[in-house]
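Structure file upload-v8.txt with compact mmCIF, C-alpha atoms:
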# COMPACT_ATOMS: atom_id res chain seq x y z
CA MET A 25 28.09 19.87 251.50
CA THR A 26 29.83 22.78 249.88
CA ILE A 27 33.31 23.66 251.02
CA LEU A 28 34.45 27.13 250.10
CA THR A 29 37.91 26.93 248.61
CA PRO A 30 40.23 29.72 249.71
CA VAL A 31 40.01 31.49 246.38
CA ALA A 32 36.22 31.29 246.47
CA ARG A 33 36.39 33.49 249.56
CA LEU A 34 37.82 36.29 247.47
CA PRO A 35 34.43 37.97 246.94
CA HIS A 36 34.41 38.76 250.67
CA VAL A 37 37.84 40.31 250.29
CA THR A 38 36.46 42.30 247.37
CA THR A 39 33.63 43.75 249.44
CA GLU A 40 36.02 44.90 252.13
CA LEU A 41 38.64 46.31 249.81
CA ASP A 42 35.99 48.03 247.76
CA ALA A 43 34.68 49.84 250.83
CA LEU A 44 38.21 50.75 251.90
CA LEU A 45 39.07 52.17 248.50
CA ARG A 46 36.03 54.42 248.61
CA GLN A 47 37.25 55.77 251.94
CA VAL A 48 40.77 56.17 250.60
CA ALA A 49 39.31 58.21 247.76
CA ARG A 50 37.90 60.50 250.45
CA ARG A 51 41.42 60.88 251.87
CA ASP A 52 40.91 58.64 254.86
CA VAL A 53 44.41 57.80 256.10
CA ASP A 54 43.17 55.07 258.46
CA ALA A 55 41.36 53.34 255.62
CA PHE A 56 44.52 53.62 253.55
CA ALA A 57 46.51 51.98 256.35
CA THR A 58 44.01 49.12 256.53
CA PHE A 59 44.01 48.73 252.77
CA TYR A 60 47.80 48.57 252.88
CA ASP A 61 47.75 45.96 255.64
CA ARG A 62 45.27 43.77 253.76
CA THR A 63 47.25 43.82 250.53
CA ARG A 64 50.88 44.65 251.30
CA ALA A 65 52.21 41.07 251.26
CA ARG A 66 50.66 40.36 247.87
CA VAL A 67 51.99 43.57 246.37
CA PHE A 68 55.47 43.44 247.87
CA GLY A 69 55.74 39.74 247.09
CA LEU A 70 54.83 40.21 243.43
CA VAL A 71 57.10 43.21 243.04
CA THR A 72 59.97 41.33 244.68
CA ARG A 73 59.37 38.34 242.47
CA VAL A 74 59.62 40.54 239.38
CA LEU A 75 62.41 42.90 240.47
CA ARG A 76 64.45 40.51 242.64
CA ASP A 77 66.08 43.37 244.47
CA PRO A 78 64.91 44.30 247.97
CA GLY A 79 65.76 48.01 247.61
CA TYR A 80 64.05 48.48 244.25
CA SER A 81 61.11 46.42 245.45
CA GLU A 82 60.56 48.55 248.50
CA GLU A 83 60.82 51.72 246.48
CA THR A 84 58.45 50.44 243.82
CA THR A 85 55.96 49.20 246.41
CA GLN A 86 55.96 52.66 247.94
CA ASP A 87 55.28 54.21 244.52
CA ILE A 88 52.45 51.76 243.97
CA TYR A 89 50.69 52.64 247.21
CA LEU A 90 51.17 56.36 246.63
CA GLN A 91 49.47 55.82 243.31
CA VAL A 92 46.66 54.00 245.13
CA TRP A 93 46.32 56.98 247.46
CA ARG A 94 46.19 59.44 244.62
CA THR A 95 44.02 57.52 242.21
CA ALA A 96 41.69 55.51 244.45
CA ASP A 97 38.74 57.42 243.04
CA SER A 98 39.52 56.14 239.56
CA TYR A 99 38.82 52.57 240.64
CA ASP A 100 35.70 51.41 238.84
CA PRO A 101 34.03 48.39 240.50
CA SER A 102 32.25 47.51 237.26
CA ALA A 103 35.61 46.98 235.57
CA GLY A 104 36.90 44.37 238.00
CA SER A 105 37.72 43.62 241.61
CA PRO A 106 39.80 46.01 243.72
CA LEU A 107 42.46 43.33 244.11
CA ALA A 108 42.73 42.93 240.33
CA TRP A 109 42.94 46.72 239.98
CA LEU A 110 45.72 46.86 242.55
CA MET A 111 47.70 43.88 241.31
CA THR A 112 47.46 45.09 237.71
CA LEU A 113 48.80 48.45 238.77
CA ALA A 114 51.54 46.81 240.83
CA HIS A 115 52.61 44.43 238.08
CA ARG A 116 52.64 47.21 235.51
CA ARG A 117 54.97 49.29 237.63
CA ALA A 118 57.24 46.38 238.45
CA VAL A 119 57.54 45.44 234.79
CA ASP A 120 58.14 49.07 233.84
CA ARG A 121 60.90 49.21 236.39
CA VAL A 122 62.52 46.01 235.16
CA ARG A 123 62.46 47.16 231.57
CA SER A 124 63.71 50.64 232.35
CA GLU A 125 66.54 49.29 234.44
CA GLN A 126 67.40 47.08 231.49
CA ALA A 127 68.71 44.71 234.07
CA ALA A 128 67.69 41.60 232.21
CA SER A 129 71.24 40.33 231.92
CA GLN A 130 71.93 40.63 235.62
CA ARG A 131 68.59 39.17 236.55
CA GLU A 132 69.18 36.21 234.30
CA SER A 133 71.85 34.75 236.55
CA ARG A 134 69.46 34.85 239.46
CA TYR A 135 66.75 33.06 237.53
CA GLY A 136 67.16 29.72 239.28
CA ALA A 137 67.25 31.04 242.80
CA ALA A 138 64.26 33.26 242.22
CA ASN A 139 62.11 30.33 241.24
CA VAL A 140 62.28 29.01 244.76
CA ASP A 141 59.29 30.00 246.81
CA PRO A 142 59.98 32.32 249.72
CA PRO A 143 60.02 30.63 253.13
CA SER A 144 56.56 30.40 254.60
CA ASP A 145 57.43 32.36 257.74
CA GLN A 146 57.87 35.44 255.56
CA VAL A 147 54.30 35.19 254.42
CA ALA A 148 51.62 37.28 256.03
CA ASP A 149 50.42 35.67 259.18
CA SER A 150 47.01 35.04 257.83
CA VAL A 151 45.39 31.66 257.75
CA ILE A 152 43.27 32.63 254.77
CA LEU A 153 46.24 33.80 252.78
CA ARG A 154 48.17 30.68 253.75
CA ASP A 155 45.36 28.40 252.59
CA GLU A 156 44.92 30.40 249.46
CA ARG A 157 48.63 30.23 248.83
CA ARG A 158 48.57 26.47 249.07
CA GLN A 159 45.63 26.21 246.70
CA VAL A 160 47.24 28.53 244.16
CA ALA A 161 50.54 26.67 244.39
CA ASP A 162 48.69 23.40 243.73
CA CYS A 163 47.00 24.94 240.72
CA LEU A 164 50.26 26.30 239.35
CA GLY A 165 51.58 22.78 239.80
CA SER A 166 48.70 21.41 237.76
CA LEU A 167 49.79 23.32 234.64
CA THR A 168 52.05 21.70 232.08
CA ASP A 169 55.73 22.60 232.34
CA ALA A 170 55.47 24.52 229.08
CA GLN A 171 52.53 26.56 230.32
CA ARG A 172 54.19 27.32 233.63
CA GLU A 173 57.37 28.36 231.90
CA CYS A 174 55.42 30.86 229.77
CA ILE A 175 53.83 32.43 232.84
CA GLN A 176 57.20 32.54 234.59
CA LEU A 177 58.95 34.27 231.70
CA ALA A 178 56.17 36.64 230.73
CA TYR A 179 54.62 37.54 234.06
CA TYR A 180 57.42 37.20 236.58
CA ASP A 181 60.45 37.90 234.40
CA GLY A 182 58.83 40.73 232.48
CA LEU A 183 59.58 39.41 228.99
CA THR A 184 57.28 40.22 226.11
CA TYR A 185 55.60 37.26 224.44
CA VAL A 186 57.88 37.86 221.45
CA GLN A 187 60.92 37.54 223.71
CA VAL A 188 59.40 34.45 225.28
CA SER A 189 59.01 32.87 221.86
CA GLU A 190 62.66 33.65 221.06
CA ARG A 191 63.80 32.30 224.38
CA LEU A 192 61.90 29.06 223.93
CA SER A 193 62.41 28.84 220.16
CA ALA A 194 58.68 28.44 219.70
CA ASN A 195 56.48 30.33 217.29
CA LEU A 196 54.37 33.25 218.42
CA ALA A 197 51.03 31.50 217.99
CA THR A 198 52.23 28.64 220.18
CA ILE A 199 53.35 31.01 222.91
CA LYS A 200 50.11 32.96 222.85
CA SER A 201 48.01 29.83 223.08
CA ARG A 202 50.17 28.42 225.89
CA MET A 203 49.65 31.63 227.83
CA ARG A 204 45.94 31.51 227.28
CA ASP A 205 45.71 27.84 228.17
CA ALA A 206 47.73 28.47 231.32
CA ILE A 207 45.29 31.16 232.44
CA ARG A 208 42.29 28.99 231.62
CA GLY A 209 43.81 26.07 233.50
CA LEU A 210 44.39 28.26 236.53
CA ARG A 211 40.87 29.65 236.43
CA ARG A 212 39.37 26.21 236.24
CA CYS A 213 41.55 24.88 239.02
CA LEU A 214 40.87 27.90 241.23
CA GLY A 215 37.13 27.59 240.70
CA MET A 216 36.93 31.02 239.10
CA THR A 217 34.96 30.10 236.00
CA MET B 21 33.42 31.46 224.95
CA THR B 22 32.38 32.19 221.38
CA GLU B 23 35.11 33.66 219.27
CA PRO B 24 34.19 36.87 217.50
CA ASN B 25 35.66 37.84 214.17
CA ASP B 26 39.17 38.89 214.95
CA PRO B 27 40.94 35.86 216.43
CA ASP B 28 44.35 37.49 215.99
CA LEU B 29 43.37 40.40 218.16
CA ILE B 30 41.65 38.25 220.78
CA ALA B 31 44.75 36.05 220.97
CA LEU B 32 46.71 39.12 222.06
CA ALA B 33 44.43 39.77 225.03
CA THR B 34 46.36 37.44 227.34
CA PRO B 35 49.85 38.82 226.61
CA TYR B 36 48.37 42.31 226.78
CA ALA B 37 46.80 41.67 230.18
CA LEU B 38 50.05 40.13 231.44
CA HIS B 39 51.95 43.27 230.33
CA ALA B 40 53.92 41.01 228.01
CA VAL B 41 53.85 43.22 224.93
CA SER B 42 56.29 45.90 223.84
CA GLU B 43 55.38 49.59 224.02
CA THR B 44 54.95 49.74 220.26
CA GLU B 45 52.71 46.71 220.16
CA LEU B 46 50.76 47.96 223.17
CA ALA B 47 49.81 51.12 221.32
CA ASP B 48 48.96 49.12 218.23
CA ILE B 49 46.74 46.70 220.17
CA GLU B 50 44.89 49.53 221.88
CA ARG B 51 44.30 51.22 218.56
CA ARG B 52 42.96 48.00 217.06
CA VAL B 53 40.67 47.36 220.02
CA SER B 54 39.23 50.85 219.92
CA ALA B 55 38.58 50.45 216.19
CA ALA B 56 37.17 46.93 216.52
CA PRO B 57 33.46 46.05 216.31
CA PRO B 58 31.78 46.09 219.73
CA ASP B 59 31.61 42.30 220.07
CA VAL B 60 35.31 41.92 219.35
CA ALA B 61 36.24 44.71 221.76
CA GLN B 62 33.97 43.17 224.38
CA ALA B 63 35.54 39.74 223.95
CA PHE B 64 39.00 41.30 224.24
CA ASP B 65 38.05 43.19 227.40
CA ASP B 66 36.46 40.09 228.93
CA GLU B 67 39.63 38.12 228.33
CA VAL B 68 41.80 40.89 229.80
CA ARG B 69 39.60 41.08 232.83
CA ALA B 70 39.63 37.32 233.35
CA VAL B 71 43.44 37.26 233.17
CA ARG B 72 43.74 40.10 235.68
CA GLU B 73 41.34 38.51 238.15
CA THR B 74 43.21 35.23 237.82
CA MET B 75 46.61 36.80 238.45
CA ALA B 76 45.16 38.73 241.40
CA ALA B 77 44.22 35.38 242.95
CA VAL B 78 47.61 33.94 241.99
CA SER B 79 49.33 36.75 243.91
CA ALA B 80 48.72 34.72 247.07
CA ALA B 81 51.43 32.34 245.86
CA THR B 82 54.17 34.96 245.94
CA ALA B 83 53.09 36.91 249.04
CA VAL B 84 55.98 38.23 251.14
CA GLU B 85 55.80 40.67 254.03
CA PRO B 86 57.40 44.03 253.22
CA PRO B 87 59.81 45.70 255.68
CA HIS B 88 57.95 47.31 258.54
CA GLN B 89 59.40 50.78 257.99
CA LEU B 90 57.65 50.98 254.62
CA ARG B 91 54.30 51.31 256.36
CA ASP B 92 55.49 54.23 258.49
CA ARG B 93 57.04 55.96 255.52
CA LEU B 94 53.89 55.60 253.45
CA LEU B 95 51.59 56.85 256.18
CA THR B 96 53.83 59.84 256.80
CA GLU B 97 53.89 60.58 253.11
CA VAL B 98 50.15 60.34 252.51
CA SER B 99 49.36 62.37 255.61
CA SER B 100 51.26 65.29 254.15
CA ASP B 101 50.46 64.78 250.49
CA PRO B 102 48.92 67.88 248.98
CA VAL B 103 47.83 66.11 245.81
CA ARG B 104 45.77 63.30 247.28
CA VAL B 105 42.42 63.31 245.58
CA LEU B 106 41.78 65.97 243.04
CA ARG B 107 38.16 66.89 243.07
CA PRO B 108 36.96 69.49 240.59
CA LYS B 109 36.21 72.18 243.18
CA ARG B 110 39.39 71.71 245.12
CA TRP B 111 41.69 71.14 242.23
CA GLN B 112 42.88 74.64 241.60
CA THR B 113 43.29 75.44 245.27
CA ILE B 114 45.42 72.39 245.87
CA VAL B 115 47.58 72.83 242.85
CA LEU B 116 48.06 76.54 243.33
CA ALA B 117 48.86 75.89 246.96
CA ALA B 118 51.85 73.92 245.79
CA ALA B 119 54.75 76.09 244.80
CA ALA B 120 54.10 75.46 241.15
CA ALA B 121 52.02 73.22 239.02
CA LEU B 122 52.25 72.54 235.37
CA VAL B 123 50.06 70.76 232.94
CA ILE B 124 52.22 69.39 230.21
CA GLY B 125 51.54 67.80 226.88
CA LEU B 126 54.05 65.00 226.57
CA GLY B 127 53.39 63.96 223.01
CA ALA B 128 54.44 67.35 221.68
CA LEU B 129 57.67 67.13 223.64
CA GLY B 130 56.54 69.07 226.59
CA VAL B 131 54.42 72.13 226.90
CA GLY B 132 54.92 73.96 230.13
CA MET B 133 52.16 76.16 231.40
CA ALA B 134 53.40 77.63 234.60
CA LEU B 135 50.98 78.88 237.20
CA ARG B 136 48.28 79.93 234.90
CA PRO B 137 45.31 81.00 236.94
CA THR B 138 42.86 78.83 235.06
CA PRO B 139 44.52 75.71 233.70
CA SER B 140 42.06 73.21 232.32
CA PRO B 141 41.04 71.08 235.30
CA SER B 142 39.80 68.37 233.03
CA THR B 143 43.30 67.51 231.81
CA ALA B 144 44.63 66.97 235.30
CA GLU B 145 41.57 65.01 236.31
CA GLN B 146 41.91 62.83 233.27
CA VAL B 147 45.56 62.20 234.09
CA PHE B 148 44.81 61.23 237.66
CA ALA B 149 41.95 59.01 236.59
CA ALA B 150 43.82 57.36 233.72
CA PRO B 151 44.31 53.60 234.03
CA ASP B 152 47.97 53.97 233.06
CA VAL B 153 48.73 56.86 235.39
CA ARG B 154 52.33 56.85 236.60
CA THR B 155 54.34 58.88 239.05
CA VAL B 156 57.96 59.98 238.99
CA SER B 157 59.50 61.94 241.86
CA GLY B 158 62.81 63.64 242.30
CA ALA B 159 64.56 65.97 244.70
CA ILE B 160 65.07 69.59 243.74
CA PRO B 161 68.62 70.73 244.55
CA SER B 162 67.43 73.85 246.31
CA GLY B 163 65.11 71.77 248.51
CA GLY B 164 61.78 70.01 248.17
CA THR B 165 60.58 67.43 245.70
CA ALA B 166 59.00 67.50 242.29
CA THR B 167 56.48 64.84 241.40
CA VAL B 168 55.23 64.28 237.91
CA VAL B 169 52.04 62.31 237.52
CA PHE B 170 51.53 61.43 233.90
CA SER B 171 49.57 59.24 231.58
CA ARG B 172 50.69 58.11 228.17
CA GLU B 173 47.14 57.32 227.30
CA LYS B 174 46.00 60.85 228.08
CA ASN B 175 49.23 62.19 226.64
CA ALA B 176 49.64 64.61 229.49
CA GLY B 177 51.11 64.99 232.92
CA VAL B 178 50.86 67.11 236.03
CA LEU B 179 53.86 68.41 237.94
CA VAL B 180 53.48 69.14 241.62
CA MET B 181 56.30 70.51 243.73
CA ASN B 182 56.27 69.88 247.47
CA ASN B 183 58.11 71.84 250.14
CA VAL B 184 59.75 74.00 247.53
CA ALA B 185 60.63 77.52 248.49
CA PRO B 186 58.66 80.11 246.55
CA PRO B 187 60.72 81.66 243.78
CA GLN B 188 62.68 84.68 244.90
CA PRO B 189 61.49 88.06 243.65
CA GLY B 190 62.27 88.36 240.00
CA THR B 191 62.71 84.63 239.46
CA VAL B 192 60.44 81.85 238.29
CA TYR B 193 60.69 78.12 238.07
CA GLN B 194 61.00 76.46 234.73
CA MET B 195 60.44 72.86 233.93
CA TRP B 196 62.59 71.17 231.31
CA LEU B 197 62.04 67.90 229.60
CA VAL B 198 65.38 66.65 228.37
CA ASP B 199 66.12 64.36 225.46
CA ALA B 200 69.40 63.36 223.84
CA LYS B 201 68.27 64.36 220.40
CA VAL B 202 66.95 67.80 221.12
CA ARG B 203 69.29 70.52 222.16
CA THR B 204 68.28 72.36 225.29
CA ARG B 205 66.93 75.65 224.21
CA PRO B 206 65.08 77.91 226.58
CA GLY B 207 62.58 80.16 224.99
CA PRO B 208 58.95 80.24 224.03
CA TRP B 209 57.65 76.86 223.14
CA THR B 210 56.62 76.27 219.58
CA PRO B 211 54.46 73.36 218.60
CA ARG B 212 56.08 70.62 216.59
CA THR B 213 54.37 68.61 213.98
CA SER B 214 56.02 65.33 214.90
CA ARG B 215 54.41 63.38 217.67
CA ARG B 216 56.97 61.36 219.50
CA ARG B 217 56.21 59.27 222.48
CA PRO B 218 58.25 60.22 225.50
CA PRO B 219 60.51 57.66 227.12
CA ARG B 220 58.79 55.40 229.59
CA SER B 221 59.76 57.32 232.65
CA CYS B 222 61.74 60.45 232.27
CA PRO B 223 63.30 62.43 235.03
CA ILE B 224 62.34 66.04 234.96
CA SER B 225 64.88 68.72 235.39
CA VAL B 226 63.51 71.71 237.24
CA THR B 227 65.39 74.93 236.88
CA ARG B 228 65.09 78.27 238.54
CA ARG B 229 65.64 81.27 236.40
CA ARG B 230 65.78 84.93 236.94
CA TRP B 231 62.85 86.50 235.22
CA ARG B 232 63.81 88.88 232.46
CA SER B 233 61.57 88.35 229.52
CA PRO B 234 59.99 85.32 227.99
CA SER B 235 62.74 85.03 225.43
CA ASN B 236 65.69 85.85 227.60
CA PRO B 237 65.60 84.17 230.95
CA ARG B 238 68.89 83.87 232.77
CA VAL B 239 69.80 80.67 234.49
CA VAL B 240 70.12 81.13 238.21
CA GLN B 241 70.15 77.55 239.25
CA ARG B 242 69.84 74.35 237.36
CA SER B 243 69.67 70.78 238.47
CA PRO B 244 72.44 68.80 236.80
CA PRO B 245 71.14 66.50 234.09
CA ALA B 246 73.96 64.05 234.64
CA HIS B 247 71.72 61.51 236.30
CA LEU B 248 69.38 61.37 233.35
CA SER B 249 69.60 58.28 231.27
CA PRO B 250 70.55 58.98 227.63
CA SER B 251 67.11 58.19 226.28
CA CYS B 252 65.59 60.71 228.61
CA ARG B 253 67.68 63.68 227.73
CA TRP B 254 65.16 65.52 225.70
CA SER B 255 64.32 69.07 226.19
CA ARG B 256 61.73 71.55 225.21
CA THR B 257 60.83 74.41 227.35
CA GLU B 258 58.54 77.32 227.58
CA SER B 259 59.43 80.39 229.50
CA PRO B 260 56.70 80.62 232.06
CA GLN B 261 54.83 83.73 232.92
CA PRO B 262 55.59 85.29 236.29
CA THR B 263 53.08 84.46 238.96
CA ARG B 264 50.12 86.71 239.03
CA ARG B 265 47.15 85.79 241.12
So, in terms of structure tokens, how does the structure I just supplied come out?
Amino acid sequence: MTILTPVARLPHVTTELDALLRQVARRDVDAFATFYDRTRARVFGLVTRVLRDPGYSEETTQDIYLQVWRTADSYDPSAGSPLAWLMTLAHRRAVDRVRSEQAASQRESRYGAANVDPPSDQVADSVILRDERRQVADCLGSLTDAQRECIQLAYYDGLTYVQVSERLSANLATIKSRMRDAIRGLRRCLGMT
Amino acid sequence: MTEPNDPDLIALATPYALHAVSETELADIERRVSAAPPDVAQAFDDEVRAVRETMAAVSAATAVEPPHQLRDRLLTEVSSDPVRVLRPKRWQTIVLAAAAALVIGLGALGVGMALRPTPSPSTAEQVFAAPDVRTVSGAIPSGGTATVVFSREKNAGVLVMNNVAPPQPGTVYQMWLVDAKVRTRPGPWTPRTSRRRPPRSCPISVTRRRWRSPSNPRVVQRSPPAHLSPSCRWSRTESPQPTRR
């Protein structure tokens, strides 16, 4: 018997989001609203995790979705899933914002608190997302501490890999391979390979 | 996965895909990938894609509901957005329908082409379709908002002004890009040989000037540059032509 893991259901999400994006590209406001509803918790959650400021996060999330509205027709299905397109765009903007605010020193003091997962009642009321969240959390837990730390610093704290290597007093090659191993570990665990 | 020739470059694919490289290194990596043999470039792209798909799945772990009012604000905004999708046929109509639209070359420190009847549609389309397209908006003191959509990759941007009153008779809008190192100097734009990358996101100062001649415009109103961060205070301007349709 095959049990579909939550992440393995993502192709169905892809089909839906793909169709919605095509409608958004044709200036369909209703499709845009649905696309927003399907993805808003992921986007706002990631942006908040990176920016750690509710006001900035809301503002940046708004910018991200306006960019979706304006550039939906540039989404190329052959280059990746719509969710990857969206989350890449969202992460890029969040990291840009962090670096332009140059708020690293202030954010530093909040580092510990921000590592705590948000309470589950804040999460979208979606069984699928909840299951998926659990699976992803398990997979993040399956990484080594060193690998997880690299992902935390580079992806969620917006440091460059050079800054990560300075922070951890490790050489660049080590950091790069830890990052790569972390991604490979996640892919394997999530059944994405 | 088999490792093609350039292991150093391939090893950068993960930090690159995680946006964990500096601006300088980003440009360098992109240059190396575009110059790499096809198998190396393909391996790099595959790795980038795999990282992005993985992190898209991982986004479930950090999901948090946004405030409800954000949805209303967004829907209001997109319902009245004149830019929306720029299709070739509609492009000029939409942009000309806005109070002013400029296509600017950022790498050469800002070329303003104000309200030319036939700006090159391909530049704007390229900007809107660019993978690194970004948007910066700001209020204009006399009312309305200016939005700059730009792409570093395409080295160009598009300015669209919403709900801005048409210039009064005898006046035109000018757009200034402001930098600390370049003194503000209105007048016809002259190309520079140096190619400097603009700051990551630079506020745009929009000014309204009384039209006299291209070389002698008089300032009527100017948005204060005080809010600009020091790195963004660069300026180069072209006196625009008066609107003629």
Practice task
Could you please tell me, as a PyMOL selection string, which residues of chain B have an atom within 7 Å of chain A when using all atoms listed in the file?
Solution key: chain B and resi 31+34-35+38-42+69+71-74+76-86+94+99+103-105+148-149
Problem - Atomic separation - CA of Thr155 (chain B) relative to CA of Val168 (chain B), Å - result: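 A separation of 5.6 Å between them.
For the atom pair formed by CA of Pro35 (chain A) and CA of Gln47 (chain A), the distance is 18.7 Å, given to one decimal.
Here CA of Leu90 (chain B) and CA of Ala166 (chain B) stand 20.7 Å from one another.
Shortest separation to Ser189 (chain A) among A:Arg76, A:Thr38, A:Pro101, A:Ala170 occurs at residue A:Ala170, atoms counted being all atoms listed in the file.
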Practice task
Would you please work out which residue, of A:Arg46, A:Thr58, A:Ala114, A:Cys174, is nearest to Asp152 (chain B) when using only C-alpha atoms?
Solution key: A:Ala114
Write region 99-110 of chain A as an mmCIF file, keeping the file's coordinate frame, completed to N, CA and C atoms.
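The result, stored in selection07.cif:
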data_model
loop_
_atom_site.group_PDB
_atom_site.id
_atom_site.type_symbol
_atom_site.label_atom_id
_atom_site.label_comp_id
_atom_site.auth_asym_id
_atom_site.auth_seq_id
_atom_site.Cartn_x
_atom_site.Cartn_y
_atom_site.Cartn_z
ATOM 1 N N TYR A 99 39.181 53.982 240.648
ATOM 2 C CA TYR A 99 38.820 52.570 240.640
ATOM 3 C C TYR A 99 37.333 52.423 240.294
ATOM 4 N N ASP A 100 37.075 51.596 239.305
ATOM 5 C CA ASP A 100 35.700 51.410 238.840
ATOM 6 C C ASP A 100 35.291 49.960 239.124
ATOM 7 N N PRO A 101 34.406 49.767 240.117
ATOM 8 C CA PRO A 101 34.030 48.390 240.500
ATOM 9 C C PRO A 101 33.467 47.590 239.331
ATOM 10 N N SER A 102 32.845 48.268 238.370
ATOM 11 C CA SER A 102 32.250 47.510 237.260
ATOM 12 C C SER A 102 33.330 46.953 236.325
ATOM 13 N N ALA A 103 34.548 47.443 236.467
ATOM 14 C CA ALA A 103 35.610 46.980 235.570
ATOM 15 C C ALA A 103 36.426 45.839 236.151
ATOM 16 N N GLY A 104 36.154 45.473 237.401
ATOM 17 C CA GLY A 104 36.900 44.370 238.000
ATOM 18 C C GLY A 104 37.009 44.552 239.502
ATOM 19 N N SER A 105 37.622 43.561 240.146
ATOM 20 C CA SER A 105 37.720 43.620 241.610
ATOM 21 C C SER A 105 38.824 44.592 242.014
ATOM 22 N N PRO A 106 38.750 45.102 243.258
ATOM 23 C CA PRO A 106 39.800 46.010 243.720
ATOM 24 C C PRO A 106 41.169 45.326 243.756
ATOM 25 N N LEU A 107 41.170 44.035 244.059
ATOM 26 C CA LEU A 107 42.460 43.330 244.110
ATOM 27 C C LEU A 107 43.062 43.237 242.700
ATOM 28 N N ALA A 108 42.222 42.998 241.709
ATOM 29 C CA ALA A 108 42.730 42.930 240.330
ATOM 30 C C ALA A 108 43.239 44.307 239.892
ATOM 31 N N TRP A 109 42.517 45.342 240.284
ATOM 32 C CA TRP A 109 42.940 46.720 239.980
ATOM 33 C C TRP A 109 44.325 46.974 240.578
ATOM 34 N N LEU A 110 44.465 46.613 241.838
ATOM 35 C CA LEU A 110 45.720 46.860 242.550
ATOM 36 C C LEU A 110 46.866 46.023 241.972
#
